[in-house]
$ cat my_file_8.tsv   # TSV, C-alpha atoms
chain	number	residue	atom	x	y	z
A	1	MET	CA	-49.14	-50.90	10.01
A	2	ALA	CA	-45.82	-51.94	11.49
A	3	ALA	CA	-43.37	-49.16	12.25
A	4	GLY	CA	-40.79	-50.84	10.03
A	5	ALA	CA	-43.15	-50.80	7.08
A	6	VAL	CA	-43.86	-47.09	7.58
A	7	ALA	CA	-40.13	-46.38	7.80
A	8	LEU	CA	-39.51	-48.37	4.64
A	9	THR	CA	-42.20	-46.38	2.85
A	10	ASN	CA	-40.46	-43.21	3.99
A	11	VAL	CA	-37.14	-44.47	2.67
A	12	ASN	CA	-38.72	-45.15	-0.71
A	13	LEU	CA	-40.33	-41.72	-0.79
A	14	ILE	CA	-37.11	-39.94	0.19
A	15	ILE	CA	-35.13	-41.84	-2.40
A	16	SER	CA	-37.80	-40.92	-4.92
A	17	LEU	CA	-37.46	-37.25	-3.95
A	18	ALA	CA	-33.68	-37.50	-4.20
A	19	LEU	CA	-33.91	-39.07	-7.64
A	20	SER	CA	-36.24	-36.26	-8.61
A	21	GLY	CA	-33.57	-33.77	-7.52
A	22	LEU	CA	-30.93	-35.74	-9.39
A	23	ASN	CA	-33.14	-35.69	-12.45
A	24	SER	CA	-33.49	-31.92	-12.26
A	25	ILE	CA	-29.72	-31.55	-12.19
A	26	LEU	CA	-29.32	-33.94	-15.09
A	27	THR	CA	-31.92	-31.88	-16.94
A	28	LEU	CA	-29.89	-28.79	-16.20
A	29	VAL	CA	-26.77	-30.54	-17.47
A	30	GLY	CA	-28.73	-31.42	-20.61
A	31	GLU	CA	-29.62	-27.75	-21.04
A	32	ILE	CA	-25.98	-26.83	-20.66
A	33	LYS	CA	-24.96	-29.24	-23.39
A	34	SER	CA	-27.78	-28.30	-25.74
A	35	GLN	CA	-27.03	-24.60	-25.42
A	36	GLY	CA	-23.34	-25.02	-25.95
A	37	GLY	CA	-22.46	-24.53	-22.30
A	38	LEU	CA	-23.82	-22.24	-19.62
A	39	THR	CA	-21.46	-20.38	-17.40
A	40	ASP	CA	-21.71	-20.64	-13.63
A	41	ASP	CA	-23.14	-17.11	-13.66
A	42	GLN	CA	-25.89	-18.22	-16.02
A	43	ILE	CA	-26.70	-21.21	-13.82
A	44	LEU	CA	-26.96	-18.90	-10.81
A	45	ALA	CA	-29.22	-16.61	-12.82
A	46	HIS	CA	-31.38	-19.66	-13.57
A	47	ALA	CA	-31.53	-20.41	-9.83
A	48	GLU	CA	-32.55	-16.81	-9.14
A	49	SER	CA	-35.25	-17.05	-11.77
A	50	VAL	CA	-36.71	-20.23	-10.23
A	51	THR	CA	-36.55	-18.62	-6.78
A	52	GLU	CA	-38.53	-15.66	-8.08
A	53	LYS	CA	-41.09	-18.00	-9.61
A	54	ASN	CA	-41.39	-19.77	-6.26
A	55	SER	CA	-42.19	-16.44	-4.59
A	56	GLN	CA	-44.89	-15.79	-7.18
A	57	LEU	CA	-46.27	-19.32	-6.71
A	58	TYR	CA	-46.42	-18.70	-2.95
A	59	LEU	CA	-48.50	-15.56	-3.46
A	60	THR	CA	-50.72	-17.33	-5.99
A	61	LEU	CA	-51.38	-20.23	-3.63
A	62	LEU	CA	-52.12	-17.85	-0.75
A	63	ALA	CA	-54.63	-16.01	-2.92
A	64	ALA	CA	-56.23	-19.31	-3.94
A	65	LEU	CA	-56.40	-20.37	-0.29
A	66	ALA	CA	-58.31	-17.22	0.60
A	67	ASN	CA	-61.02	-18.26	-1.86
A	68	ALA	CA	-60.87	-22.01	-1.27
A	69	PRO	CA	-64.00	-23.80	-0.04
A	70	ALA	CA	-63.86	-25.44	3.36
A	71	PRO	CA	-61.88	-28.68	3.00
A	72	PRO	CA	-63.31	-32.07	3.96
A	73	ALA	CA	-62.48	-33.22	7.45
A	74	ALA	CA	-59.07	-34.86	7.80
A	75	PRO	CA	-59.18	-38.64	8.29
A	76	PRO	CA	-58.88	-39.84	11.89
A	77	ALA	CA	-55.38	-40.53	13.11
A	78	ASN	CA	-56.19	-44.16	13.94
A	79	PRO	CA	-59.12	-45.39	11.86
A	80	PRO	CA	-60.99	-48.36	13.32
A	81	ALA	CA	-60.02	-51.71	11.84
B	1	MET	CA	-34.55	-44.07	13.84
B	2	LYS	CA	-32.00	-46.12	11.90
B	3	GLN	CA	-34.28	-46.06	8.87
B	4	SER	CA	-34.60	-42.30	9.18
B	5	ASN	CA	-30.84	-41.86	9.25
B	6	LEU	CA	-30.51	-44.22	6.32
B	7	SER	CA	-32.97	-42.08	4.40
B	8	LYS	CA	-30.94	-38.95	5.02
B	9	VAL	CA	-27.74	-40.69	4.02
B	10	ALA	CA	-29.36	-41.92	0.80
B	11	VAL	CA	-30.47	-38.40	-0.11
B	12	VAL	CA	-27.13	-36.82	0.69
B	13	MET	CA	-25.22	-39.49	-1.18
B	14	LEU	CA	-27.36	-39.10	-4.29
B	15	LEU	CA	-27.00	-35.35	-4.19
B	16	CYS	CA	-23.26	-35.69	-3.73
B	17	PHE	CA	-23.06	-37.92	-6.77
B	18	SER	CA	-25.10	-35.49	-8.77
B	19	LEU	CA	-23.03	-32.53	-7.66
B	20	SER	CA	-19.68	-34.24	-7.88
B	21	ALA	CA	-19.43	-33.41	-11.56
B	22	CYS	CA	-18.65	-29.84	-10.51
B	23	ASN	CA	-15.07	-29.22	-9.53
B	24	ASP	CA	-15.42	-25.53	-8.86
B	25	ALA	CA	-17.01	-24.21	-5.69
B	26	TYR	CA	-18.96	-21.40	-7.34
B	27	GLY	CA	-20.47	-23.73	-9.93
B	28	THR	CA	-21.41	-26.20	-7.21
B	29	ALA	CA	-23.09	-23.46	-5.20
B	30	ALA	CA	-24.97	-22.24	-8.28
B	31	LYS	CA	-26.14	-25.73	-9.31
B	32	GLY	CA	-27.03	-26.60	-5.71
B	33	SER	CA	-29.11	-23.46	-5.34
B	34	ALA	CA	-30.93	-24.21	-8.60
B	35	ASP	CA	-31.73	-27.70	-7.35
B	36	VAL	CA	-32.98	-26.41	-3.98
B	37	ALA	CA	-35.13	-23.83	-5.79
B	38	ALA	CA	-36.66	-26.59	-7.92
B	39	SER	CA	-37.33	-28.65	-4.78
B	40	ILE	CA	-39.07	-25.74	-3.05
B	41	GLY	CA	-41.32	-25.12	-6.05
B	42	GLN	CA	-42.26	-28.79	-6.12
B	43	ALA	CA	-42.87	-28.74	-2.37
B	44	GLU	CA	-45.24	-25.77	-2.66
B	45	ASN	CA	-47.32	-27.66	-5.21
B	46	ASP	CA	-47.21	-30.88	-3.15
B	47	VAL	CA	-48.44	-29.08	-0.02
B	48	ASP	CA	-51.27	-27.52	-1.98
B	49	GLN	CA	-52.26	-31.01	-3.17
B	50	LEU	CA	-52.26	-32.28	0.42
B	51	ARG	CA	-54.83	-29.60	1.29
B	52	ILE	CA	-56.90	-30.27	-1.84
B	53	ASN	CA	-56.94	-33.98	-0.93
B	54	GLY	CA	-58.11	-33.14	2.59
B	55	VAL	CA	-54.94	-34.38	4.30
B	56	ILE	CA	-54.17	-30.98	5.83
B	57	SER	CA	-56.33	-27.94	6.54
B	58	ALA	CA	-56.18	-24.58	4.81
B	59	SER	CA	-54.64	-22.93	7.87
B	60	GLU	CA	-52.03	-25.70	8.06
B	61	GLU	CA	-51.22	-25.23	4.37
B	62	LYS	CA	-50.81	-21.51	4.95
B	63	SER	CA	-48.33	-22.16	7.77
B	64	ILE	CA	-46.34	-24.70	5.76
B	65	LEU	CA	-46.27	-22.46	2.71
B	66	GLY	CA	-44.92	-19.77	5.03
B	67	TYR	CA	-42.05	-22.07	5.99
B	68	LEU	CA	-41.38	-22.93	2.35
B	69	ASN	CA	-41.42	-19.26	1.43
B	70	PHE	CA	-38.96	-18.64	4.25
B	71	ALA	CA	-36.74	-21.40	2.79
B	72	ASN	CA	-37.08	-19.74	-0.60
B	73	THR	CA	-36.00	-16.41	0.88
B	74	LEU	CA	-33.00	-18.12	2.47
B	75	ASN	CA	-32.12	-19.62	-0.91
B	76	GLY	CA	-32.24	-16.13	-2.44
B	77	GLN	CA	-29.91	-14.91	0.30
B	78	PHE	CA	-27.63	-17.88	-0.39
B	79	GLN	CA	-27.49	-16.87	-4.06
B	80	SER	CA	-26.57	-13.30	-3.10
B	81	CYS	CA	-23.95	-14.59	-0.69
B	82	ALA	CA	-22.42	-16.91	-3.30
B	83	LYS	CA	-22.42	-14.09	-5.84
B	84	ALA	CA	-20.72	-11.75	-3.38
B	85	VAL	CA	-18.05	-14.33	-2.55
B	86	HIS	CA	-17.41	-14.93	-6.24
B	87	SER	CA	-17.27	-11.21	-7.03
B	88	ALA	CA	-14.81	-10.57	-4.22
B	89	ASN	CA	-12.54	-13.43	-5.22
B	90	ARG	CA	-13.11	-15.47	-8.37
B	91	GLY	CA	-10.94	-18.24	-7.00
B	92	ALA	CA	-12.49	-18.24	-3.56
B	93	ALA	CA	-12.01	-21.41	-1.54
B	94	PRO	CA	-14.95	-23.75	-0.96
B	95	GLN	CA	-15.00	-22.74	2.71
B	96	ALA	CA	-16.15	-19.26	1.72
B	97	TYR	CA	-19.22	-20.74	0.05
B	98	MET	CA	-19.70	-23.17	2.92
B	99	GLY	CA	-20.20	-20.14	5.14
B	100	CYS	CA	-23.15	-19.16	2.95
B	101	VAL	CA	-24.57	-22.70	3.19
B	102	GLY	CA	-24.17	-22.68	6.97
B	103	THR	CA	-26.40	-19.63	7.27
B	104	PHE	CA	-28.94	-21.34	5.01
B	105	SER	CA	-28.90	-24.59	7.04
B	106	SER	CA	-29.20	-22.93	10.42
B	107	GLY	CA	-32.07	-20.79	9.16
B	108	LEU	CA	-33.97	-23.87	7.96
B	109	ALA	CA	-33.50	-25.50	11.37
B	110	SER	CA	-34.78	-22.48	13.30
B	111	PRO	CA	-37.17	-23.80	15.99
B	112	SER	CA	-39.52	-20.85	15.58
B	113	GLU	CA	-39.83	-21.57	11.85
B	114	LEU	CA	-40.08	-25.34	12.29
B	115	ALA	CA	-43.00	-24.78	14.68
B	116	ALA	CA	-45.04	-23.78	11.63
B	117	ILE	CA	-44.93	-27.20	10.04
B	118	HIS	CA	-46.91	-29.16	12.61
B	119	VAL	CA	-50.19	-30.59	11.34
B	120	SER	CA	-52.89	-32.57	13.12
B	121	SER	CA	-53.13	-35.52	10.72
B	122	VAL	CA	-50.54	-38.26	11.22
B	123	GLN	CA	-50.41	-38.98	7.50
B	124	GLY	CA	-50.13	-35.27	6.72
B	125	GLN	CA	-47.36	-34.81	9.27
B	126	GLN	CA	-45.37	-37.66	7.72
B	127	ARG	CA	-45.63	-36.14	4.27
B	128	VAL	CA	-44.85	-32.60	5.43
B	129	THR	CA	-41.87	-33.80	7.47
B	130	LEU	CA	-40.51	-35.67	4.44
B	131	ILE	CA	-40.92	-32.60	2.24
B	132	VAL	CA	-39.08	-30.40	4.72
B	133	GLN	CA	-36.37	-33.03	5.31
B	134	SER	CA	-35.80	-33.34	1.57
B	135	ILE	CA	-35.10	-29.60	1.33
B	136	GLN	CA	-32.84	-29.70	4.39
B	137	ALA	CA	-31.02	-32.71	2.92
B	138	ALA	CA	-30.56	-30.92	-0.39
B	139	VAL	CA	-28.92	-27.98	1.40
B	140	SER	CA	-26.74	-30.42	3.39
B	141	GLY	CA	-25.82	-32.04	0.08
B	142	VAL	CA	-24.49	-28.74	-1.26
B	143	ASN	CA	-22.37	-28.39	1.87
B	144	THR	CA	-21.09	-31.96	1.51
B	145	ALA	CA	-20.21	-31.38	-2.14
B	146	LEU	CA	-18.30	-28.21	-1.26
B	147	ALA	CA	-16.49	-30.04	1.53
B	148	SER	CA	-15.59	-32.75	-0.95
B	149	ILE	CA	-14.09	-30.19	-3.35
B	150	ASN	CA	-12.23	-28.62	-0.45
B	151	ALA	CA	-10.84	-32.00	0.62
B	152	GLY	CA	-9.81	-32.74	-2.96
B	153	LYS	CA	-7.97	-29.44	-3.28
B	154	SER	CA	-6.31	-29.87	0.08
B	155	GLY	CA	-5.28	-33.43	-0.67
B	156	GLY	CA	-4.19	-32.83	-4.23
B	157	GLN	CA	-1.86	-29.93	-3.54

$ encode --input "my_file_8.tsv" --output "structure tokens"
Amino acid sequence: MAAGAVALTNVNLIISLALSGLNSILTLVGEIKSQGGLTDDQILAHAESVTEKNSQLYLTLLAALANAPAPPAAPPANPPA
Amino acid sequence: MKQSNLSKVAVVMLLCFSLSACNDAYGTAAKGSADVAASIGQAENDVDQLRINGVISASEEKSILGYLNFANTLNGQFQSCAKAVHSANRGAAPQAYMGCVGTFSSGLASPSELAAIHVSSVQGQQRVTLIVQSIQAAVSGVNTALASINAGKSGGQ
């Protein structure tokens, strides 16, 4: 694949990720409106809550990894045409 | 390289737009941290899927999850820093919060931590690099938004 095509794919993926982030903020704004307005302190508390959940997810994934079966071999870097 | 820079600009611009609704530095820091936290959670799940799909190995996933957990810890420290700045001075200038972001950014770029995100598969490396760059860009976006508020306050008064 041409380098330009790979780069373009990356641009699309990054924009997709950015839109996902934008969407999460818009969702948060929606929550603020639906709940009659969250204070900045409440938004920070929400961030702390998600951060704590991320820590728990990390531990959960590590535990799952310890019991995971051996993965299939990764595809070769340059598969034959 | 130009495409890569364009990608970063696109991410930062979108985040700036999304954060520009906030005109107070503390609120921007809080919303930015919430967004980064959401991104990290998504990244953890994405990396797990890469391993399940055979794109990366279990040991590589463990290393990358370690980096993401490190980023998550940095985000927690950023929240504490922002809270401390706000508690000390409710009308603190954006620069005070930018100091917290700076610590976050430099931590994410630590060479010893970045060494953990190398994987053997080319496809896997591309995906992992994008995931990490998206988190770094989100943190940069918070800094840009705070700088924008700072410029607005400086210019408007």

$ residues_near_point --input "my_file_8.tsv" --point "(-51.9, -17.6, -1.3)" --cutoff "12 Å" --atoms "only C-alpha atoms" --output "ChimeraX atom specification"
/A:54-68 /B:44-45,48,58-59,61-66,69

$ write_last_selection --input "my_file_8.tsv" --atoms "C-alpha atoms" --output "PDB file, in the coordinates of the input"
ATOM      1  CA  ASN A  54     -41.390 -19.770  -6.260  1.00  0.00           C
ATOM      2  CA  SER A  55     -42.190 -16.440  -4.590  1.00  0.00           C
ATOM      3  CA  GLN A  56     -44.890 -15.790  -7.180  1.00  0.00           C
ATOM      4  CA  LEU A  57     -46.270 -19.320  -6.710  1.00  0.00           C
ATOM      5  CA  TYR A  58     -46.420 -18.700  -2.950  1.00  0.00           C
ATOM      6  CA  LEU A  59     -48.500 -15.560  -3.460  1.00  0.00           C
ATOM      7  CA  THR A  60     -50.720 -17.330  -5.990  1.00  0.00           C
ATOM      8  CA  LEU A  61     -51.380 -20.230  -3.630  1.00  0.00           C
ATOM      9  CA  LEU A  62     -52.120 -17.850  -0.750  1.00  0.00           C
ATOM     10  CA  ALA A  63     -54.630 -16.010  -2.920  1.00  0.00           C
ATOM     11  CA  ALA A  64     -56.230 -19.310  -3.940  1.00  0.00           C
ATOM     12  CA  LEU A  65     -56.400 -20.370  -0.290  1.00  0.00           C
ATOM     13  CA  ALA A  66     -58.310 -17.220   0.600  1.00  0.00           C
ATOM     14  CA  ASN A  67     -61.020 -18.260  -1.860  1.00  0.00           C
ATOM     15  CA  ALA A  68     -60.870 -22.010  -1.270  1.00  0.00           C
TER      16      ALA A  68
ATOM     17  CA  GLU B  44     -45.240 -25.770  -2.660  1.00  0.00           C
ATOM     18  CA  ASN B  45     -47.320 -27.660  -5.210  1.00  0.00           C
ATOM     19  CA  ASP B  48     -51.270 -27.520  -1.980  1.00  0.00           C
ATOM     20  CA  ALA B  58     -56.180 -24.580   4.810  1.00  0.00           C
ATOM     21  CA  SER B  59     -54.640 -22.930   7.870  1.00  0.00           C
ATOM     22  CA  GLU B  61     -51.220 -25.230   4.370  1.00  0.00           C
ATOM     23  CA  LYS B  62     -50.810 -21.510   4.950  1.00  0.00           C
ATOM     24  CA  SER B  63     -48.330 -22.160   7.770  1.00  0.00           C
ATOM     25  CA  ILE B  64     -46.340 -24.700   5.760  1.00  0.00           C
ATOM     26  CA  LEU B  65     -46.270 -22.460   2.710  1.00  0.00           C
ATOM     27  CA  GLY B  66     -44.920 -19.770   5.030  1.00  0.00           C
ATOM     28  CA  ASN B  69     -41.420 -19.260   1.430  1.00  0.00           C
TER      29      ASN B  69
END

$ residues_around --input "my_file_8.tsv" --residues "stretch 74-91 of chain B" --least-positions-apart "3" --cutoff "7 Å" --atoms "all atoms listed in the file" --output "MDAnalysis selection string"
(chainID A and resid 48 51) or (chainID B and resid 26 29 33 70:71 96:97 100:101 104)

$ write_last_selection --input "my_file_8.tsv" --atoms "C-alpha atoms" --output "CSV table (one decimal), keeping the file's coordinate frame"
chain,number,residue,atom,x,y,z
A,48,GLU,CA,-32.6,-16.8,-9.1
A,51,THR,CA,-36.6,-18.6,-6.8
B,26,TYR,CA,-19.0,-21.4,-7.3
B,29,ALA,CA,-23.1,-23.5,-5.2
B,33,SER,CA,-29.1,-23.5,-5.3
B,70,PHE,CA,-39.0,-18.6,4.2
B,71,ALA,CA,-36.7,-21.4,2.8
B,96,ALA,CA,-16.2,-19.3,1.7
B,97,TYR,CA,-19.2,-20.7,0.0
B,100,CYS,CA,-23.2,-19.2,3.0
B,101,VAL,CA,-24.6,-22.7,3.2
B,104,PHE,CA,-28.9,-21.3,5.0

$ atom_distance --input "my_file_8.tsv" --atom1 "atom CA of B:Val55" --atom2 "atom CA of B:Ile40"
19.5 Å

$ atom_distance --input "my_file_8.tsv" --atom1 "atom CA of B:Asn72" --atom2 "atom CA of B:Gln42"
11.8 Å

$ atom_distance --input "my_file_8.tsv" --atom1 "atom CA of A:Asp40" --atom2 "atom CA of B:Tyr67"
28.3 Å

$ closest_residue --input "my_file_8.tsv" --among "B:Ile56, B:Leu146, B:Ala93, B:Val47" --to "chain A" --atoms "only C-alpha atoms"
B:Ile56

$ closest_residue --input "my_file_8.tsv" --among "B:Ser105, B:Ser39, B:Thr73, B:Asn53" --to "B:Asn143" --atoms "only C-alpha atoms"
B:Ser105

$ build_atoms --input "my_file_8.tsv" --residues "stretch 46-69 of chain A" --atoms "N, CA and C atoms" --output "CSV table (one decimal), in the coordinates of the input"
chain,number,residue,atom,x,y,z
A,46,HIS,N,-30.3,-18.7,-13.5
A,46,HIS,CA,-31.4,-19.7,-13.6
A,46,HIS,C,-32.0,-19.9,-12.2
A,47,ALA,N,-31.1,-20.2,-11.2
A,47,ALA,CA,-31.5,-20.4,-9.8
A,47,ALA,C,-32.3,-19.2,-9.3
A,48,GLU,N,-31.8,-18.0,-9.6
A,48,GLU,CA,-32.6,-16.8,-9.1
A,48,GLU,C,-33.9,-16.7,-9.8
A,49,SER,N,-34.0,-17.1,-11.0
A,49,SER,CA,-35.2,-17.0,-11.8
A,49,SER,C,-36.3,-18.0,-11.2
A,50,VAL,N,-35.8,-19.2,-10.8
A,50,VAL,CA,-36.7,-20.2,-10.2
A,50,VAL,C,-37.1,-19.8,-8.8
A,51,THR,N,-36.2,-19.1,-8.1
A,51,THR,CA,-36.6,-18.6,-6.8
A,51,THR,C,-37.6,-17.5,-6.9
A,52,GLU,N,-37.5,-16.7,-7.9
A,52,GLU,CA,-38.5,-15.7,-8.1
A,52,GLU,C,-39.9,-16.3,-8.4
A,53,LYS,N,-39.8,-17.3,-9.3
A,53,LYS,CA,-41.1,-18.0,-9.6
A,53,LYS,C,-41.7,-18.6,-8.4
A,54,ASN,N,-40.9,-19.2,-7.5
A,54,ASN,CA,-41.4,-19.8,-6.3
A,54,ASN,C,-42.1,-18.7,-5.4
A,55,SER,N,-41.6,-17.5,-5.4
A,55,SER,CA,-42.2,-16.4,-4.6
A,55,SER,C,-43.5,-16.1,-5.2
A,56,GLN,N,-43.6,-16.1,-6.5
A,56,GLN,CA,-44.9,-15.8,-7.2
A,56,GLN,C,-45.9,-16.9,-6.9
A,57,LEU,N,-45.4,-18.2,-7.0
A,57,LEU,CA,-46.3,-19.3,-6.7
A,57,LEU,C,-46.8,-19.2,-5.3
A,58,TYR,N,-46.0,-18.8,-4.3
A,58,TYR,CA,-46.4,-18.7,-3.0
A,58,TYR,C,-47.6,-17.7,-2.9
A,59,LEU,N,-47.4,-16.6,-3.5
A,59,LEU,CA,-48.5,-15.6,-3.5
A,59,LEU,C,-49.8,-16.1,-4.2
A,60,THR,N,-49.6,-16.8,-5.3
A,60,THR,CA,-50.7,-17.3,-6.0
A,60,THR,C,-51.5,-18.3,-5.1
A,61,LEU,N,-50.7,-19.2,-4.5
A,61,LEU,CA,-51.4,-20.2,-3.6
A,61,LEU,C,-52.1,-19.6,-2.4
A,62,LEU,N,-51.5,-18.5,-1.9
A,62,LEU,CA,-52.1,-17.8,-0.8
A,62,LEU,C,-53.4,-17.2,-1.2
A,63,ALA,N,-53.4,-16.6,-2.4
A,63,ALA,CA,-54.6,-16.0,-2.9
A,63,ALA,C,-55.7,-17.1,-3.2
A,64,ALA,N,-55.3,-18.2,-3.7
A,64,ALA,CA,-56.2,-19.3,-3.9
A,64,ALA,C,-56.8,-19.8,-2.6
A,65,LEU,N,-56.0,-19.9,-1.6
A,65,LEU,CA,-56.4,-20.4,-0.3
A,65,LEU,C,-57.5,-19.5,0.3
A,66,ALA,N,-57.3,-18.2,0.1
A,66,ALA,CA,-58.3,-17.2,0.6
A,66,ALA,C,-59.7,-17.5,0.0
A,67,ASN,N,-59.7,-18.0,-1.2
A,67,ASN,CA,-61.0,-18.3,-1.9
A,67,ASN,C,-61.4,-19.7,-1.9
A,68,ALA,N,-60.6,-20.6,-1.2
A,68,ALA,CA,-60.9,-22.0,-1.3
A,68,ALA,C,-62.1,-22.4,-0.4
A,69,PRO,N,-62.9,-23.3,-0.9
A,69,PRO,CA,-64.0,-23.8,0.0
A,69,PRO,C,-63.5,-24.6,1.2
